[in-house]
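Visitor: Handing you this structure, nothing more for now.
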Amino acid sequence: MTKCVLITGVSSGIGLAQARLFLEKGYQVYGVDQGENPLLEGDFYFLQRDLTLGLDPIFDWCPQVDVLCNTAGVLDDYKPLLEQSAHEIQEIFEINYVTPVEMTRHYLTQMLESKKGIIINMCSIASNLAGGGGHAYTSSKHALAGFTKQLALDYAEAGIQVFGIAPGAVKTSMTAADFEPGGLADWVASETPIKRWIEPEEVAALSLFLASGKASAMQGQILTVDGGWTLK
C-alpha cells in the first residue's frame, strides 16, 4: 500500500526537498506551509496554513499518516536573552517545539491504533550545543531533542519509531541572509570540515532512509548532518 507522509514547512528548504524525494519514491505527500504551494508533481496535497493559528484544520484535512515529518522551524537572528522579548521567545517555541509536540500528540493516537508509525523531528546542531542560534532557538531545539528521546523511549514497545535529524548549516531560504554581501556564508564554509554548506537534499535523503523501514533496529537517535562541524 502507498504510504502517506505529512511534512510541515514544505514550501522551501528541507521540507521541500523531503517532499520531492518522497514523491519520487512513490509516497503520498501532504504538505503544510504558510508560504505558497510548491506545485509538486505526483500524489501531492497542499494546505496553506500558519501553524501558530491552530492545527485542527490540518487534522481534518489529513486524518491519517504513516510518517510524520515535523520539519518547520524558525531562527532567532542569534539574539541573546536580553535582546529577546518574552513574546519573541514564545513565538520561537511555538513553532520549534509546541507545534511538533501537538502534531505528534494527534497522529500518535492514530499510529498506536495501527501499531506502527514513524515520527521524524527536525532538530539541529543547536539541540546539543550553544552557538548554533540565539537563546530562544537553542533552547527550543534542546527541548525538541529531549522530546524526541523521551517519546522514543515511551512508545518503542508499541511499534512507533521516533528519530531526530540535527542539521548544521543548510542552504535554505531561512539562512539566505548569510549569503548576502558581508554575510557569514564564506566563514561558515571555511569553518566546516568538509568546506561547504549542507544541501537540503542531503537531509531529505536521511529522512527517506529513516522512513523506509530499513532502520527498524534504530530508535530515538538524533542523527547529525553537519559536515563535521561538531567534531571540533
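Note on naming: chains are A, B, ... as they come in the C-alpha cells, residues start from 1 per chain, ligands start from 1 in the order shown.
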Identify, on the basis of only C-alpha atoms, every residue whose closest approach to Glu102 (chain A) does not exceed 10 Å; exclude the query and any residue fewer than 6 positions from it along the same chain; express the result as a PDB file with N, CA and C atoms, in the first residue's frame.
Guide:
```pdb
ATOM      1  N   GLY A  54      -3.443  27.485  14.958  1.00  0.00           N
ATOM      2  CA  GLY A  54      -4.225  26.307  15.307  1.00  0.00           C
ATOM      3  C   GLY A  54      -4.027  25.182  14.311  1.00  0.00           C
ATOM      4  N   LEU A  55      -4.078  23.958  14.799  1.00  0.00           N
ATOM      5  CA  LEU A  55      -3.738  22.797  13.977  1.00  0.00           C
ATOM      6  C   LEU A  55      -4.940  21.957  13.563  1.00  0.00           C
ATOM      7  N   LEU A 108      -0.027  10.443  16.821  1.00  0.00           N
ATOM      8  CA  LEU A 108       0.417   9.299  17.614  1.00  0.00           C
ATOM      9  C   LEU A 108      -0.763   8.424  18.015  1.00  0.00           C
TER      10      LEU A 108
END
```
Visitor: Do you know which residues are at most 12 Å from Val32 (chain A) counting only C-alpha atoms, after dropping those on the same chain fewer than 3 positions away, and could you put them as an mmCIF file with C-alpha atoms, in the first residue's frame?
Guide:
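Okay, this is what ended up in part_10.cif:
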```cif
data_model
loop_
_atom_site.group_PDB
_atom_site.id
_atom_site.type_symbol
_atom_site.label_atom_id
_atom_site.label_comp_id
_atom_site.auth_asym_id
_atom_site.auth_seq_id
_atom_site.Cartn_x
_atom_site.Cartn_y
_atom_site.Cartn_z
ATOM 1 C CA VAL A 5 3.791 11.267 4.787
ATOM 2 C CA LEU A 6 2.887 14.649 6.265
ATOM 3 C CA ILE A 7 5.549 17.383 6.110
ATOM 4 C CA THR A 8 5.399 20.788 7.782
ATOM 5 C CA GLY A 9 7.425 23.614 6.249
ATOM 6 C CA VAL A 10 7.006 22.114 2.784
ATOM 7 C CA SER A 11 7.266 25.249 0.618
ATOM 8 C CA SER A 12 11.047 25.640 0.805
ATOM 9 C CA GLY A 15 10.706 20.398 3.758
ATOM 10 C CA LEU A 16 10.554 20.962 0.011
ATOM 11 C CA ALA A 19 8.538 16.284 -0.362
ATOM 12 C CA VAL A 29 2.676 13.514 0.421
ATOM 13 C CA GLY A 35 4.056 30.056 2.155
ATOM 14 C CA GLU A 36 2.993 29.351 -1.390
ATOM 15 C CA ASN A 37 2.060 25.980 -2.845
ATOM 16 C CA PRO A 38 5.253 24.495 -4.346
ATOM 17 C CA PHE A 44 0.825 15.730 -3.548
ATOM 18 C CA TYR A 45 -1.669 17.691 -1.451
ATOM 19 C CA PHE A 46 -1.004 21.154 -0.055
ATOM 20 C CA LEU A 47 -2.576 23.204 2.721
ATOM 21 C CA GLN A 48 -1.549 26.816 3.232
ATOM 22 C CA ARG A 49 -1.645 27.308 6.976
ATOM 23 C CA ASP A 50 0.131 29.351 9.625
ATOM 24 C CA LEU A 51 0.930 26.752 12.268
ATOM 25 C CA LEU A 55 -3.738 22.797 13.977
ATOM 26 C CA PRO A 57 -7.730 22.265 10.118
ATOM 27 C CA ILE A 58 -4.642 20.171 9.374
ATOM 28 C CA PHE A 59 -6.028 17.209 11.296
ATOM 29 C CA TRP A 61 -7.634 17.714 6.098
ATOM 30 C CA CYS A 62 -5.127 14.898 6.696
ATOM 31 C CA LEU A 68 5.147 12.494 10.277
ATOM 32 C CA CYS A 69 7.942 14.933 9.445
ATOM 33 C CA ASN A 70 7.948 17.849 11.870
ATOM 34 C CA THR A 71 10.231 19.953 9.683
ATOM 35 C CA ALA A 72 9.024 23.567 10.040
ATOM 36 C CA MET A 103 1.217 17.450 15.760
#
```
Visitor: Give me, as a PyMOL selection string, the residues of region 3-181 of chain A that a backbone DSSP run labels alpha helix (DSSP H).
Guide: chain A and resi 13-24+56-61+86-93+99-114+135-155
Visitor: Grab the CA of Val162 (chain A) to CA of Leu223 (chain A) distance for me, in Å with one decimal place.
Guide: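 That distance, rounded to one decimal, is 11.5 Å.
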Visitor: With a distance cut-off of 9 Å and only C-alpha atoms, select the neighbouring residues of Ala152 (chain A), excluding the residue or stretch itself and same-chain residues fewer than 6 positions from it, and output the selection as a short mmCIF file (atom, residue, chain, number, x, y, z; two decimals) with all heavy atoms, in the first residue's frame.
Guide:
```cif
data_model
loop_
_atom_site.label_atom_id
_atom_site.label_comp_id
_atom_site.auth_asym_id
_atom_site.auth_seq_id
_atom_site.Cartn_x
_atom_site.Cartn_y
_atom_site.Cartn_z
N ILE A 160 6.16 2.29 17.55
CA ILE A 160 6.34 3.62 16.99
C ILE A 160 7.83 3.95 16.97
O ILE A 160 8.50 3.87 17.99
CB ILE A 160 5.59 4.69 17.81
CG1 ILE A 160 4.14 4.27 18.07
CG2 ILE A 160 5.69 6.05 17.12
CD1 ILE A 160 3.33 4.02 16.82
N GLN A 161 8.34 4.32 15.80
CA GLN A 161 9.73 4.74 15.69
C GLN A 161 9.83 6.26 15.69
O GLN A 161 9.06 6.93 15.00
CB GLN A 161 10.36 4.20 14.41
CG GLN A 161 10.77 2.73 14.48
CD GLN A 161 11.60 2.35 13.27
OE1 GLN A 161 11.05 2.11 12.20
NE2 GLN A 161 12.90 2.29 13.44
N VAL A 162 10.77 6.77 16.46
CA VAL A 162 10.94 8.22 16.58
C VAL A 162 12.41 8.55 16.36
O VAL A 162 13.30 7.91 16.94
CB VAL A 162 10.50 8.72 17.97
CG1 VAL A 162 10.56 10.25 18.02
CG2 VAL A 162 9.10 8.22 18.31
N PHE A 163 12.65 9.55 15.53
CA PHE A 163 14.02 9.98 15.23
C PHE A 163 14.11 11.50 15.21
O PHE A 163 13.11 12.20 15.02
CB PHE A 163 14.46 9.48 13.84
CG PHE A 163 14.39 7.99 13.66
CD1 PHE A 163 13.36 7.43 12.91
CD2 PHE A 163 15.33 7.16 14.24
CE1 PHE A 163 13.29 6.06 12.73
CE2 PHE A 163 15.26 5.78 14.07
CZ PHE A 163 14.24 5.23 13.32
N GLN A 219 16.18 3.49 17.24
CA GLN A 219 15.09 4.14 17.98
C GLN A 219 15.65 5.30 18.79
O GLN A 219 16.57 5.13 19.58
CB GLN A 219 14.39 3.14 18.90
CG GLN A 219 13.29 3.72 19.75
CD GLN A 219 12.03 4.07 18.95
OE1 GLN A 219 12.10 4.30 17.75
NE2 GLN A 219 10.89 4.10 19.61
N GLY A 220 15.08 6.48 18.58
CA GLY A 220 15.41 7.63 19.41
C GLY A 220 16.71 8.33 19.06
O GLY A 220 17.08 9.30 19.73
N GLN A 221 17.39 7.90 18.01
CA GLN A 221 18.64 8.56 17.65
C GLN A 221 18.38 9.95 17.06
O GLN A 221 17.40 10.15 16.34
CB GLN A 221 19.44 7.73 16.62
CG GLN A 221 20.19 6.56 17.19
CD GLN A 221 19.30 5.37 17.43
OE1 GLN A 221 18.19 5.32 16.93
NE2 GLN A 221 19.76 4.41 18.20
#
```
Visitor: Mind giving me the straight-line distance from CA of Ser114 (chain A) to CA of Leu206 (chain A) in Å, one decimal?
Guide: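 Spanning CA of Ser114 (chain A) to CA of Leu206 (chain A) is a straight-line distance of 24.6 Å.
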Visitor: Write out as an NGL selection string which residues come within 6 Å of region 182-197 of chain A when counting only C-alpha atoms, dropping same-chain ones fewer than 5 positions away.
Guide: :A and (169-170 or 227-229)
Visitor: Any chance you could export the current selection's C-alpha atoms as a CSV table (one decimal), in the first residue's frame?
Guide:
```csv
chain,number,residue,atom,x,y,z
A,169,ALA,CA,24.5,24.9,8.1
A,170,VAL,CA,22.0,24.1,5.4
A,227,GLY,CA,29.8,18.3,7.5
A,228,GLY,CA,31.8,17.6,10.6
A,229,TRP,CA,31.1,20.9,12.4
```
Visitor: When distances are computed from only C-alpha atoms, which of A:Glu180, A:Glu83, A:Ser127, A:Glu199 shows the smallest separation from Gly146 (chain A)?
Guide: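 Of A:Glu180, A:Glu83, A:Ser127, A:Glu199, the one nearest Gly146 (chain A) is A:Ser127, counting only C-alpha atoms.
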Visitor: Please run DSSP on the backbone and report, as a ChimeraX atom specification, all residues within region 110-176 of chain A that come out as strand (DSSP E or B).
Guide: /A:117-122,160-167,170
Visitor: Generate a file of the selected residues that holds N, CA and C atoms, formatted as a PDB file, in the first residue's frame.
Guide:
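Resulting contents of selection-v9.pdb:
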```
ATOM      1  N   GLY A 117       4.184   3.384  12.948  1.00  0.00           N
ATOM      2  CA  GLY A 117       4.268   4.789  12.574  1.00  0.00           C
ATOM      3  C   GLY A 117       5.676   5.297  12.790  1.00  0.00           C
ATOM      4  N   ILE A 118       6.063   6.302  12.019  1.00  0.00           N
ATOM      5  CA  ILE A 118       7.407   6.866  12.109  1.00  0.00           C
ATOM      6  C   ILE A 118       7.288   8.376  12.257  1.00  0.00           C
ATOM      7  N   ILE A 119       7.990   8.929  13.226  1.00  0.00           N
ATOM      8  CA  ILE A 119       7.990  10.356  13.501  1.00  0.00           C
ATOM      9  C   ILE A 119       9.416  10.866  13.383  1.00  0.00           C
ATOM     10  N   ILE A 120       9.614  11.890  12.558  1.00  0.00           N
ATOM     11  CA  ILE A 120      10.949  12.451  12.338  1.00  0.00           C
ATOM     12  C   ILE A 120      10.908  13.935  12.694  1.00  0.00           C
ATOM     13  N   ASN A 121      11.609  14.303  13.746  1.00  0.00           N
ATOM     14  CA  ASN A 121      11.657  15.686  14.200  1.00  0.00           C
ATOM     15  C   ASN A 121      12.915  16.369  13.682  1.00  0.00           C
ATOM     16  N   MET A 122      12.766  17.580  13.158  1.00  0.00           N
ATOM     17  CA  MET A 122      13.913  18.315  12.646  1.00  0.00           C
ATOM     18  C   MET A 122      14.561  19.083  13.794  1.00  0.00           C
ATOM     19  N   ILE A 160       6.156   2.289  17.547  1.00  0.00           N
ATOM     20  CA  ILE A 160       6.340   3.624  16.989  1.00  0.00           C
ATOM     21  C   ILE A 160       7.829   3.952  16.966  1.00  0.00           C
ATOM     22  N   GLN A 161       8.340   4.323  15.805  1.00  0.00           N
ATOM     23  CA  GLN A 161       9.735   4.740  15.691  1.00  0.00           C
ATOM     24  C   GLN A 161       9.828   6.259  15.690  1.00  0.00           C
ATOM     25  N   VAL A 162      10.766   6.767  16.459  1.00  0.00           N
ATOM     26  CA  VAL A 162      10.945   8.215  16.585  1.00  0.00           C
ATOM     27  C   VAL A 162      12.411   8.552  16.359  1.00  0.00           C
ATOM     28  N   PHE A 163      12.650   9.554  15.533  1.00  0.00           N
ATOM     29  CA  PHE A 163      14.025   9.981  15.229  1.00  0.00           C
ATOM     30  C   PHE A 163      14.106  11.500  15.213  1.00  0.00           C
ATOM     31  N   GLY A 164      15.315  11.987  15.378  1.00  0.00           N
ATOM     32  CA  GLY A 164      15.593  13.387  15.149  1.00  0.00           C
ATOM     33  C   GLY A 164      16.717  13.505  14.139  1.00  0.00           C
ATOM     34  N   ILE A 165      16.682  14.562  13.351  1.00  0.00           N
ATOM     35  CA  ILE A 165      17.788  14.882  12.454  1.00  0.00           C
ATOM     36  C   ILE A 165      18.341  16.230  12.895  1.00  0.00           C
ATOM     37  N   ALA A 166      19.655  16.309  13.035  1.00  0.00           N
ATOM     38  CA  ALA A 166      20.303  17.525  13.523  1.00  0.00           C
ATOM     39  C   ALA A 166      21.214  18.099  12.444  1.00  0.00           C
ATOM     40  N   PRO A 167      20.659  18.926  11.552  1.00  0.00           N
ATOM     41  CA  PRO A 167      21.495  19.524  10.517  1.00  0.00           C
ATOM     42  C   PRO A 167      22.387  20.630  11.076  1.00  0.00           C
ATOM     43  N   VAL A 170      22.656  24.544   6.616  1.00  0.00           N
ATOM     44  CA  VAL A 170      21.999  24.076   5.399  1.00  0.00           C
ATOM     45  C   VAL A 170      21.591  25.284   4.552  1.00  0.00           C
TER      46      VAL A 170
END
```
Visitor: Using only C-alpha atoms for the distances, tell me which of A:Ala136, A:Ile125, A:Ala217, A:Ala176 is nearest to Ala156 (chain A).
Guide: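 Going through A:Ala136, A:Ile125, A:Ala217, A:Ala176 one by one, the smallest distance to Ala156 (chain A) is for A:Ala217.
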Visitor: Quick one: everything within 6 Å of Tyr27 (chain A), counting only C-alpha atoms, minus sequence neighbours fewer than 4 positions away in the same chain. Send it as a PyMOL selection string.
Guide: chain A and resi 2-4+22-23
Visitor: With N, CA and C atoms retained, export the selected residues as a short mmCIF file (atom, residue, chain, number, x, y, z; two decimals), in the first residue's frame.
Guide:
```cif
data_model
loop_
_atom_site.label_atom_id
_atom_site.label_comp_id
_atom_site.auth_asym_id
_atom_site.auth_seq_id
_atom_site.Cartn_x
_atom_site.Cartn_y
_atom_site.Cartn_z
N THR A 2 0.38 2.31 -0.64
CA THR A 2 1.10 3.58 -0.66
C THR A 2 1.15 4.18 0.73
N LYS A 3 2.33 4.58 1.15
CA LYS A 3 2.48 5.20 2.45
C LYS A 3 2.25 6.70 2.36
N CYS A 4 1.66 7.24 3.41
CA CYS A 4 1.34 8.66 3.47
C CYS A 4 2.30 9.36 4.42
N PHE A 22 10.27 12.08 -1.38
CA PHE A 22 9.22 11.12 -1.03
C PHE A 22 8.28 10.88 -2.22
N LEU A 23 7.95 11.95 -2.95
CA LEU A 23 7.10 11.79 -4.13
C LEU A 23 7.79 10.96 -5.19
#
```
Visitor: For a quick check of understanding, using only C-alpha atoms, which of A:Gly131, A:Leu208, A:Ser140, A:Thr104 has the smallest distance to Glu24 (chain A)?
Guide: A:Leu208
Visitor: Mind checking which residues fall within 8 Å of Gly132 (chain A), counting only C-alpha atoms, ignoring those fewer than 6 positions away in the same chain, and posting them as a ChimeraX atom specification?
Guide: /A:78,124-126,138,168
Visitor: Just the number, please: distance in Å from CA of Lys141 (chain A) to CA of Asn96 (chain A), one decimal.
Guide: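 For CA of Lys141 (chain A) relative to CA of Asn96 (chain A), the distance reads 6.8 Å.
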